[in-house]
>>> print(open('run06.cif').read())   # mmCIF, N, CA and C atoms
data_data
loop_
_atom_site.label_atom_id
_atom_site.label_comp_id
_atom_site.auth_asym_id
_atom_site.auth_seq_id
_atom_site.Cartn_x
_atom_site.Cartn_y
_atom_site.Cartn_z
N MET A 1 9.28 -1.02 12.87
CA MET A 1 8.72 -1.72 14.00
C MET A 1 8.47 -3.17 13.60
N ALA A 2 9.20 -4.07 14.12
CA ALA A 2 9.05 -5.49 13.80
C ALA A 2 7.93 -6.09 14.63
N SER A 3 7.28 -7.06 14.06
CA SER A 3 6.18 -7.73 14.73
C SER A 3 6.50 -9.20 14.84
N ASN A 4 6.19 -9.79 15.97
CA ASN A 4 6.40 -11.22 16.16
C ASN A 4 5.15 -12.02 15.86
N ARG A 5 4.12 -11.36 15.36
CA ARG A 5 2.88 -12.06 15.06
C ARG A 5 3.06 -12.98 13.87
N LYS A 6 2.45 -14.13 13.95
CA LYS A 6 2.51 -15.10 12.87
C LYS A 6 1.44 -14.73 11.84
N ILE A 7 1.82 -14.78 10.57
CA ILE A 7 0.88 -14.50 9.50
C ILE A 7 0.24 -15.82 9.09
N SER A 8 -1.08 -15.87 9.14
CA SER A 8 -1.79 -17.09 8.80
C SER A 8 -2.91 -16.75 7.83
N LEU A 9 -2.90 -17.38 6.68
CA LEU A 9 -3.91 -17.15 5.65
C LEU A 9 -4.53 -18.47 5.26
N SER A 10 -5.79 -18.42 4.85
CA SER A 10 -6.45 -19.65 4.42
C SER A 10 -7.41 -19.36 3.28
N ALA A 11 -7.84 -20.40 2.61
CA ALA A 11 -8.77 -20.25 1.49
C ALA A 11 -10.20 -20.55 1.90
N ASP A 12 -10.44 -20.83 3.17
CA ASP A 12 -11.82 -21.03 3.61
C ASP A 12 -12.43 -19.67 3.97
N ALA A 13 -13.60 -19.64 4.47
CA ALA A 13 -14.29 -18.38 4.75
C ALA A 13 -13.63 -17.60 5.89
N ASN A 14 -12.83 -18.26 6.71
CA ASN A 14 -12.16 -17.60 7.84
C ASN A 14 -10.74 -17.24 7.44
N GLY A 15 -10.41 -15.99 7.50
CA GLY A 15 -9.06 -15.55 7.19
C GLY A 15 -8.76 -15.49 5.71
N LEU A 16 -9.79 -15.46 4.90
CA LEU A 16 -9.61 -15.42 3.46
C LEU A 16 -8.96 -14.11 3.03
N LEU A 17 -7.95 -14.22 2.22
CA LEU A 17 -7.25 -13.04 1.74
C LEU A 17 -6.84 -13.32 0.30
N SER A 18 -7.43 -12.60 -0.62
CA SER A 18 -7.19 -12.90 -2.03
C SER A 18 -5.86 -12.35 -2.54
N HIS A 19 -5.26 -11.44 -1.82
CA HIS A 19 -4.00 -10.86 -2.26
C HIS A 19 -2.96 -10.95 -1.15
N ALA A 20 -2.64 -12.18 -0.77
CA ALA A 20 -1.68 -12.41 0.31
C ALA A 20 -0.32 -11.83 -0.05
N GLY A 21 0.09 -11.94 -1.32
CA GLY A 21 1.37 -11.39 -1.74
C GLY A 21 1.42 -9.88 -1.54
N GLY A 22 0.31 -9.20 -1.79
CA GLY A 22 0.22 -7.76 -1.58
C GLY A 22 0.38 -7.41 -0.11
N PHE A 23 -0.21 -8.22 0.74
CA PHE A 23 -0.07 -8.01 2.17
C PHE A 23 1.39 -8.14 2.59
N LEU A 24 2.06 -9.18 2.08
CA LEU A 24 3.46 -9.40 2.45
C LEU A 24 4.34 -8.26 1.93
N LEU A 25 4.06 -7.75 0.74
CA LEU A 25 4.82 -6.60 0.23
C LEU A 25 4.58 -5.36 1.08
N THR A 26 3.35 -5.16 1.50
CA THR A 26 3.02 -4.02 2.36
C THR A 26 3.77 -4.11 3.68
N ARG A 27 3.81 -5.31 4.26
CA ARG A 27 4.54 -5.51 5.52
C ARG A 27 6.04 -5.29 5.30
N THR A 28 6.56 -5.73 4.16
CA THR A 28 7.98 -5.54 3.86
C THR A 28 8.33 -4.06 3.79
N LEU A 29 7.44 -3.27 3.15
CA LEU A 29 7.65 -1.82 3.10
C LEU A 29 7.73 -1.23 4.50
N ALA A 30 6.82 -1.66 5.36
CA ALA A 30 6.76 -1.12 6.71
C ALA A 30 7.98 -1.54 7.54
N ILE A 31 8.35 -2.82 7.46
CA ILE A 31 9.45 -3.32 8.27
C ILE A 31 10.79 -2.73 7.84
N THR A 32 10.99 -2.57 6.54
CA THR A 32 12.26 -2.01 6.05
C THR A 32 12.34 -0.50 6.18
N GLY A 33 11.19 0.15 6.35
CA GLY A 33 11.17 1.60 6.46
C GLY A 33 11.10 2.30 5.11
N LEU A 34 10.96 1.54 4.03
CA LEU A 34 10.90 2.14 2.70
C LEU A 34 9.69 3.04 2.55
N ASN A 35 8.58 2.70 3.18
CA ASN A 35 7.40 3.56 3.09
C ASN A 35 7.66 4.93 3.72
N ARG A 36 8.33 4.96 4.86
CA ARG A 36 8.65 6.24 5.50
C ARG A 36 9.68 7.02 4.70
N ALA A 37 10.64 6.32 4.11
CA ALA A 37 11.67 6.99 3.31
C ALA A 37 11.04 7.63 2.06
N LEU A 38 10.14 6.92 1.40
CA LEU A 38 9.44 7.49 0.23
C LEU A 38 8.67 8.74 0.64
N SER A 39 7.93 8.64 1.72
CA SER A 39 7.14 9.78 2.19
C SER A 39 8.03 10.98 2.49
N HIS A 40 9.13 10.72 3.16
CA HIS A 40 10.05 11.80 3.54
C HIS A 40 10.65 12.48 2.30
N GLU A 41 11.12 11.68 1.36
CA GLU A 41 11.79 12.23 0.17
C GLU A 41 10.83 12.94 -0.78
N LEU A 42 9.58 12.52 -0.82
CA LEU A 42 8.61 13.14 -1.74
C LEU A 42 7.80 14.26 -1.10
N GLU A 43 8.00 14.50 0.19
CA GLU A 43 7.23 15.51 0.92
C GLU A 43 7.38 16.90 0.31
N ARG A 44 8.53 17.23 -0.20
CA ARG A 44 8.74 18.58 -0.75
C ARG A 44 7.86 18.89 -1.96
N TRP A 45 7.38 17.85 -2.65
CA TRP A 45 6.51 18.05 -3.81
C TRP A 45 5.03 17.93 -3.47
N ARG A 46 4.72 17.77 -2.20
CA ARG A 46 3.33 17.62 -1.78
C ARG A 46 2.67 18.99 -1.66
N PRO A 47 1.60 19.22 -2.45
CA PRO A 47 0.88 20.50 -2.31
C PRO A 47 0.29 20.63 -0.91
N SER A 48 0.13 21.83 -0.45
CA SER A 48 -0.34 22.07 0.92
C SER A 48 -1.74 21.51 1.17
N ARG A 49 -2.57 21.45 0.14
CA ARG A 49 -3.94 20.95 0.33
C ARG A 49 -4.11 19.49 -0.08
N ALA A 50 -3.01 18.80 -0.36
CA ALA A 50 -3.07 17.39 -0.77
C ALA A 50 -3.58 16.53 0.38
N VAL A 51 -4.41 15.58 0.05
CA VAL A 51 -4.97 14.66 1.04
C VAL A 51 -4.08 13.44 1.21
N HIS A 52 -3.55 12.92 0.12
CA HIS A 52 -2.79 11.68 0.16
C HIS A 52 -1.28 11.93 0.16
N ASP A 53 -0.60 11.14 0.94
CA ASP A 53 0.86 11.18 1.03
C ASP A 53 1.45 10.67 -0.29
N PRO A 54 2.29 11.47 -0.96
CA PRO A 54 2.84 11.04 -2.25
C PRO A 54 3.68 9.76 -2.16
N GLY A 55 4.33 9.52 -1.04
CA GLY A 55 5.08 8.28 -0.87
C GLY A 55 4.17 7.07 -0.88
N LYS A 56 3.01 7.19 -0.23
CA LYS A 56 2.04 6.09 -0.21
C LYS A 56 1.44 5.89 -1.60
N VAL A 57 1.20 6.97 -2.31
CA VAL A 57 0.66 6.86 -3.67
C VAL A 57 1.63 6.07 -4.55
N ILE A 58 2.92 6.39 -4.50
CA ILE A 58 3.93 5.68 -5.29
C ILE A 58 4.00 4.22 -4.86
N ALA A 59 3.99 3.97 -3.56
CA ALA A 59 4.03 2.59 -3.06
C ALA A 59 2.80 1.82 -3.52
N ASP A 60 1.63 2.46 -3.49
CA ASP A 60 0.39 1.80 -3.94
C ASP A 60 0.44 1.48 -5.43
N LEU A 61 0.99 2.38 -6.22
CA LEU A 61 1.13 2.12 -7.65
C LEU A 61 2.09 0.96 -7.91
N ALA A 62 3.20 0.92 -7.18
CA ALA A 62 4.15 -0.19 -7.32
C ALA A 62 3.52 -1.51 -6.90
N LEU A 63 2.74 -1.48 -5.85
CA LEU A 63 2.05 -2.67 -5.37
C LEU A 63 1.03 -3.14 -6.40
N THR A 64 0.34 -2.20 -7.04
CA THR A 64 -0.62 -2.55 -8.08
C THR A 64 0.06 -3.28 -9.23
N VAL A 65 1.21 -2.78 -9.64
CA VAL A 65 1.98 -3.43 -10.72
C VAL A 65 2.43 -4.82 -10.27
N ALA A 66 2.90 -4.93 -9.03
CA ALA A 66 3.37 -6.22 -8.51
C ALA A 66 2.25 -7.26 -8.46
N LEU A 67 1.01 -6.79 -8.27
CA LEU A 67 -0.14 -7.70 -8.21
C LEU A 67 -0.74 -7.97 -9.59
N GLY A 68 -0.11 -7.45 -10.63
CA GLY A 68 -0.57 -7.76 -11.98
C GLY A 68 -1.27 -6.64 -12.71
N GLY A 69 -1.36 -5.47 -12.11
CA GLY A 69 -2.00 -4.34 -12.77
C GLY A 69 -1.16 -3.85 -13.94
N ASP A 70 -1.83 -3.37 -14.98
CA ASP A 70 -1.08 -2.86 -16.13
C ASP A 70 -1.52 -1.46 -16.56
N CYS A 71 -2.37 -0.83 -15.75
CA CYS A 71 -2.73 0.57 -16.00
C CYS A 71 -3.10 1.22 -14.67
N LEU A 72 -3.15 2.54 -14.66
CA LEU A 72 -3.42 3.26 -13.40
C LEU A 72 -4.76 2.90 -12.78
N ALA A 73 -5.75 2.61 -13.61
CA ALA A 73 -7.08 2.28 -13.09
C ALA A 73 -7.08 0.98 -12.29
N ASP A 74 -6.07 0.14 -12.47
CA ASP A 74 -6.00 -1.12 -11.74
C ASP A 74 -5.74 -0.92 -10.25
N ILE A 75 -5.48 0.31 -9.84
CA ILE A 75 -5.31 0.58 -8.41
C ILE A 75 -6.62 0.32 -7.66
N ALA A 76 -7.72 0.21 -8.40
CA ALA A 76 -9.01 -0.14 -7.78
C ALA A 76 -8.92 -1.49 -7.07
N LEU A 77 -7.99 -2.33 -7.51
CA LEU A 77 -7.76 -3.61 -6.87
C LEU A 77 -7.42 -3.40 -5.39
N LEU A 78 -6.57 -2.43 -5.11
CA LEU A 78 -6.20 -2.13 -3.72
C LEU A 78 -7.35 -1.43 -3.00
N ARG A 79 -8.03 -0.55 -3.71
CA ARG A 79 -9.12 0.21 -3.10
C ARG A 79 -10.26 -0.70 -2.64
N SER A 80 -10.37 -1.88 -3.27
CA SER A 80 -11.46 -2.80 -2.92
C SER A 80 -11.21 -3.51 -1.59
N GLN A 81 -10.01 -3.38 -1.03
CA GLN A 81 -9.70 -4.01 0.26
C GLN A 81 -9.06 -3.00 1.21
N PRO A 82 -9.86 -2.00 1.64
CA PRO A 82 -9.30 -0.95 2.50
C PRO A 82 -8.80 -1.45 3.86
N GLU A 83 -9.37 -2.53 4.36
CA GLU A 83 -8.93 -3.06 5.64
C GLU A 83 -7.51 -3.64 5.54
N LEU A 84 -7.09 -3.97 4.34
CA LEU A 84 -5.76 -4.51 4.12
C LEU A 84 -4.75 -3.45 3.69
N PHE A 85 -5.15 -2.58 2.75
CA PHE A 85 -4.22 -1.63 2.17
C PHE A 85 -4.41 -0.19 2.64
N GLY A 86 -5.43 0.08 3.44
CA GLY A 86 -5.67 1.43 3.93
C GLY A 86 -6.28 2.32 2.85
N PRO A 87 -6.34 3.62 3.11
CA PRO A 87 -6.93 4.55 2.12
C PRO A 87 -6.05 4.63 0.88
N ILE A 88 -6.67 4.58 -0.28
CA ILE A 88 -5.99 4.62 -1.56
C ILE A 88 -6.46 5.85 -2.32
N ALA A 89 -5.53 6.55 -2.96
CA ALA A 89 -5.88 7.74 -3.72
C ALA A 89 -6.82 7.40 -4.87
N SER A 90 -7.63 8.36 -5.28
CA SER A 90 -8.55 8.14 -6.40
C SER A 90 -7.79 8.13 -7.71
N ASP A 91 -8.40 7.59 -8.76
CA ASP A 91 -7.74 7.49 -10.06
C ASP A 91 -7.24 8.83 -10.63
N PRO A 92 -8.04 9.92 -10.55
CA PRO A 92 -7.56 11.18 -11.11
C PRO A 92 -6.33 11.68 -10.41
#
>>> encode(input="run06.cif", output="structure tokens")
Amino acid sequence: MASNRKISLSADANGLLSHAGGFLLTRTLAITGLNRALSHELERWRPSRAVHDPGKVIADLALTVALGGDCLADIALLRSQPELFGPIASDP
């Protein structure tokens, strides 16, 4: 689903976004359909009681690395901005 909305970010108190690159990567995943493809292909390994979509977990880990993370615990970077990245799986 393509959006015609203009993306506008600033460093003042209005519209402040510390991880603009992460936002753009997230939008790229959505526009290209890669997020849906990951979810579809990994669905067969999802336990019946799993809360988080394995495709989103993989995408979140890749996004963490792209934003400079170097270990699994760095996913807390995404978890600190739920309004931007949505629900993020816990470290365990």
>>> atom_distance(input="run06.cif", atom1="CA of Ser39 (chain A)", atom2="CA of Leu72 (chain A)")
19.9 Å
>>> atom_distance(input="run06.cif", atom1="CA of Asn35 (chain A)", atom2="atom C of His52 (chain A)")
12.4 Å
>>> closest_residue(input="run06.cif", among="A:Leu25, A:Ile31, A:Ala20, A:Leu42", to="Pro54 (chain A)", atoms="all atoms listed in the file")
A:Leu42
>>> closest_residue(input="run06.cif", among="A:Gly22, A:Asp74, A:Lys56, A:Ala66", to="Arg36 (chain A)", atoms="all atoms listed in the file")
A:Lys56
>>> closest_residue(input="run06.cif", among="A:Gly21, A:Cys71, A:Leu34, A:Leu84", to="Ala59 (chain A)", atoms="all atoms listed in the file")
A:Leu34
>>> closest_residue(input="run06.cif", among="A:Thr32, A:Phe23, A:Pro87, A:His40", to="Leu63 (chain A)", atoms="only C-alpha atoms")
A:Phe23
>>> resolve_selection(input="run06.cif", expression="the PyMOL selection byres (((chain A and resi 75-83 and name CA) around 10) and name CA)", output="list in words")
Leu17, Ser18, His19, Gly22, Val57, Asp60, Leu61, Ala62, Leu63, Thr64, Val65, Leu67, Gly68, Gly69, Asp70, Cys71, Leu72, Ala73, Asp74, Leu84, Phe85, Gly86, Pro87, Ile88, Ala89, Ser90 and Asp91 of chain A
>>> atom_distance(input="run06.cif", atom1="atom N of Pro47 (chain A)", atom2="atom N of Gly33 (chain A)")
23.1 Å
>>> decode(input="run06.cif", residues="region 65-81 of chain A", atoms="all heavy atoms", output="PDB file, in the first residue's frame")
ATOM      1  N   VAL A  65      20.254  -4.057  13.785  1.00  0.00           N
ATOM      2  CA  VAL A  65      21.623  -4.087  13.243  1.00  0.00           C
ATOM      3  C   VAL A  65      21.856  -2.869  12.349  1.00  0.00           C
ATOM      4  O   VAL A  65      22.907  -2.221  12.421  1.00  0.00           O
ATOM      5  CB  VAL A  65      21.881  -5.404  12.483  1.00  0.00           C
ATOM      6  CG1 VAL A  65      23.196  -5.359  11.734  1.00  0.00           C
ATOM      7  CG2 VAL A  65      21.870  -6.572  13.452  1.00  0.00           C
ATOM      8  N   ALA A  66      20.879  -2.532  11.514  1.00  0.00           N
ATOM      9  CA  ALA A  66      21.011  -1.385  10.609  1.00  0.00           C
ATOM     10  C   ALA A  66      21.169  -0.074  11.371  1.00  0.00           C
ATOM     11  O   ALA A  66      21.836   0.849  10.908  1.00  0.00           O
ATOM     12  CB  ALA A  66      19.802  -1.307   9.682  1.00  0.00           C
ATOM     13  N   LEU A  67      20.575  -0.004  12.565  1.00  0.00           N
ATOM     14  CA  LEU A  67      20.670   1.210  13.384  1.00  0.00           C
ATOM     15  C   LEU A  67      21.898   1.214  14.284  1.00  0.00           C
ATOM     16  O   LEU A  67      22.055   2.106  15.104  1.00  0.00           O
ATOM     17  CB  LEU A  67      19.397   1.379  14.213  1.00  0.00           C
ATOM     18  CG  LEU A  67      18.140   1.680  13.412  1.00  0.00           C
ATOM     19  CD1 LEU A  67      16.908   1.692  14.312  1.00  0.00           C
ATOM     20  CD2 LEU A  67      18.276   3.014  12.684  1.00  0.00           C
ATOM     21  N   GLY A  68      22.752   0.202  14.146  1.00  0.00           N
ATOM     22  CA  GLY A  68      24.002   0.205  14.898  1.00  0.00           C
ATOM     23  C   GLY A  68      24.078  -0.781  16.042  1.00  0.00           C
ATOM     24  O   GLY A  68      25.076  -0.824  16.746  1.00  0.00           O
ATOM     25  N   GLY A  69      23.056  -1.590  16.230  1.00  0.00           N
ATOM     26  CA  GLY A  69      23.085  -2.588  17.299  1.00  0.00           C
ATOM     27  C   GLY A  69      24.096  -3.675  17.000  1.00  0.00           C
ATOM     28  O   GLY A  69      24.332  -4.016  15.842  1.00  0.00           O
ATOM     29  N   ASP A  70      24.709  -4.202  18.051  1.00  0.00           N
ATOM     30  CA  ASP A  70      25.683  -5.276  17.833  1.00  0.00           C
ATOM     31  C   ASP A  70      25.432  -6.497  18.711  1.00  0.00           C
ATOM     32  O   ASP A  70      26.243  -7.406  18.757  1.00  0.00           O
ATOM     33  CB  ASP A  70      27.117  -4.775  18.009  1.00  0.00           C
ATOM     34  CG  ASP A  70      27.393  -4.225  19.398  1.00  0.00           C
ATOM     35  OD1 ASP A  70      26.489  -4.244  20.243  1.00  0.00           O
ATOM     36  OD2 ASP A  70      28.529  -3.787  19.629  1.00  0.00           O
ATOM     37  N   CYS A  71      24.293  -6.510  19.406  1.00  0.00           N
ATOM     38  CA  CYS A  71      23.897  -7.700  20.159  1.00  0.00           C
ATOM     39  C   CYS A  71      22.372  -7.722  20.257  1.00  0.00           C
ATOM     40  O   CYS A  71      21.706  -6.724  20.006  1.00  0.00           O
ATOM     41  CB  CYS A  71      24.550  -7.717  21.547  1.00  0.00           C
ATOM     42  SG  CYS A  71      23.974  -6.431  22.652  1.00  0.00           S
ATOM     43  N   LEU A  72      21.830  -8.878  20.626  1.00  0.00           N
ATOM     44  CA  LEU A  72      20.364  -9.015  20.674  1.00  0.00           C
ATOM     45  C   LEU A  72      19.700  -8.043  21.634  1.00  0.00           C
ATOM     46  O   LEU A  72      18.593  -7.573  21.385  1.00  0.00           O
ATOM     47  CB  LEU A  72      19.990 -10.449  21.037  1.00  0.00           C
ATOM     48  CG  LEU A  72      20.278 -11.498  19.969  1.00  0.00           C
ATOM     49  CD1 LEU A  72      19.953 -12.888  20.495  1.00  0.00           C
ATOM     50  CD2 LEU A  72      19.524 -11.220  18.694  1.00  0.00           C
ATOM     51  N   ALA A  73      20.368  -7.717  22.724  1.00  0.00           N
ATOM     52  CA  ALA A  73      19.785  -6.806  23.712  1.00  0.00           C
ATOM     53  C   ALA A  73      19.586  -5.397  23.147  1.00  0.00           C
ATOM     54  O   ALA A  73      18.789  -4.618  23.684  1.00  0.00           O
ATOM     55  CB  ALA A  73      20.649  -6.751  24.961  1.00  0.00           C
ATOM     56  N   ASP A  74      20.268  -5.062  22.065  1.00  0.00           N
ATOM     57  CA  ASP A  74      20.123  -3.737  21.472  1.00  0.00           C
ATOM     58  C   ASP A  74      18.758  -3.524  20.829  1.00  0.00           C
ATOM     59  O   ASP A  74      18.429  -2.409  20.423  1.00  0.00           O
ATOM     60  CB  ASP A  74      21.235  -3.488  20.447  1.00  0.00           C
ATOM     61  CG  ASP A  74      22.587  -3.282  21.103  1.00  0.00           C
ATOM     62  OD1 ASP A  74      22.614  -2.948  22.305  1.00  0.00           O
ATOM     63  OD2 ASP A  74      23.610  -3.462  20.426  1.00  0.00           O
ATOM     64  N   ILE A  75      17.953  -4.565  20.770  1.00  0.00           N
ATOM     65  CA  ILE A  75      16.595  -4.410  20.246  1.00  0.00           C
ATOM     66  C   ILE A  75      15.769  -3.494  21.163  1.00  0.00           C
ATOM     67  O   ILE A  75      14.737  -2.975  20.761  1.00  0.00           O
ATOM     68  CB  ILE A  75      15.906  -5.780  20.032  1.00  0.00           C
ATOM     69  CG1 ILE A  75      14.768  -5.645  19.032  1.00  0.00           C
ATOM     70  CG2 ILE A  75      15.429  -6.373  21.355  1.00  0.00           C
ATOM     71  CD1 ILE A  75      14.283  -6.949  18.479  1.00  0.00           C
ATOM     72  N   ALA A  76      16.270  -3.259  22.375  1.00  0.00           N
ATOM     73  CA  ALA A  76      15.620  -2.312  23.287  1.00  0.00           C
ATOM     74  C   ALA A  76      15.533  -0.924  22.662  1.00  0.00           C
ATOM     75  O   ALA A  76      14.651  -0.134  23.000  1.00  0.00           O
ATOM     76  CB  ALA A  76      16.370  -2.256  24.608  1.00  0.00           C
ATOM     77  N   LEU A  77      16.431  -0.635  21.732  1.00  0.00           N
ATOM     78  CA  LEU A  77      16.409   0.626  21.003  1.00  0.00           C
ATOM     79  C   LEU A  77      15.064   0.794  20.298  1.00  0.00           C
ATOM     80  O   LEU A  77      14.459   1.862  20.331  1.00  0.00           O
ATOM     81  CB  LEU A  77      17.552   0.634  19.988  1.00  0.00           C
ATOM     82  CG  LEU A  77      17.661   1.782  19.020  1.00  0.00           C
ATOM     83  CD1 LEU A  77      18.303   2.968  19.730  1.00  0.00           C
ATOM     84  CD2 LEU A  77      18.495   1.375  17.830  1.00  0.00           C
ATOM     85  N   LEU A  78      14.581  -0.261  19.670  1.00  0.00           N
ATOM     86  CA  LEU A  78      13.286  -0.210  18.990  1.00  0.00           C
ATOM     87  C   LEU A  78      12.143  -0.204  19.999  1.00  0.00           C
ATOM     88  O   LEU A  78      11.139   0.477  19.796  1.00  0.00           O
ATOM     89  CB  LEU A  78      13.122  -1.402  18.049  1.00  0.00           C
ATOM     90  CG  LEU A  78      14.174  -1.604  16.969  1.00  0.00           C
ATOM     91  CD1 LEU A  78      13.804  -2.806  16.108  1.00  0.00           C
ATOM     92  CD2 LEU A  78      14.359  -0.374  16.135  1.00  0.00           C
ATOM     93  N   ARG A  79      12.307  -0.982  21.060  1.00  0.00           N
ATOM     94  CA  ARG A  79      11.252  -1.089  22.069  1.00  0.00           C
ATOM     95  C   ARG A  79      10.990   0.252  22.753  1.00  0.00           C
ATOM     96  O   ARG A  79       9.898   0.517  23.245  1.00  0.00           O
ATOM     97  CB  ARG A  79      11.630  -2.156  23.099  1.00  0.00           C
ATOM     98  CG  ARG A  79      10.442  -2.649  23.901  1.00  0.00           C
ATOM     99  CD  ARG A  79      10.794  -3.767  24.872  1.00  0.00           C
ATOM    100  NE  ARG A  79      11.286  -4.940  24.175  1.00  0.00           N
ATOM    101  CZ  ARG A  79      12.555  -5.374  24.248  1.00  0.00           C
ATOM    102  NH1 ARG A  79      13.441  -4.744  24.972  1.00  0.00           N
ATOM    103  NH2 ARG A  79      12.919  -6.459  23.592  1.00  0.00           N
ATOM    104  N   SER A  80      12.000   1.134  22.755  1.00  0.00           N
ATOM    105  CA  SER A  80      11.845   2.432  23.421  1.00  0.00           C
ATOM    106  C   SER A  80      10.983   3.397  22.620  1.00  0.00           C
ATOM    107  O   SER A  80      10.616   4.454  23.127  1.00  0.00           O
ATOM    108  CB  SER A  80      13.218   3.055  23.689  1.00  0.00           C
ATOM    109  OG  SER A  80      13.830   3.451  22.471  1.00  0.00           O
ATOM    110  N   GLN A  81      10.646   3.052  21.379  1.00  0.00           N
ATOM    111  CA  GLN A  81       9.805   3.917  20.547  1.00  0.00           C
ATOM    112  C   GLN A  81       8.664   3.109  19.923  1.00  0.00           C
ATOM    113  O   GLN A  81       8.592   2.920  18.711  1.00  0.00           O
ATOM    114  CB  GLN A  81      10.652   4.573  19.462  1.00  0.00           C
ATOM    115  CG  GLN A  81      11.686   5.519  20.017  1.00  0.00           C
ATOM    116  CD  GLN A  81      12.456   6.228  18.931  1.00  0.00           C
ATOM    117  OE1 GLN A  81      12.434   5.863  17.768  1.00  0.00           O
ATOM    118  NE2 GLN A  81      13.155   7.274  19.319  1.00  0.00           N
TER     119      GLN A  81
END
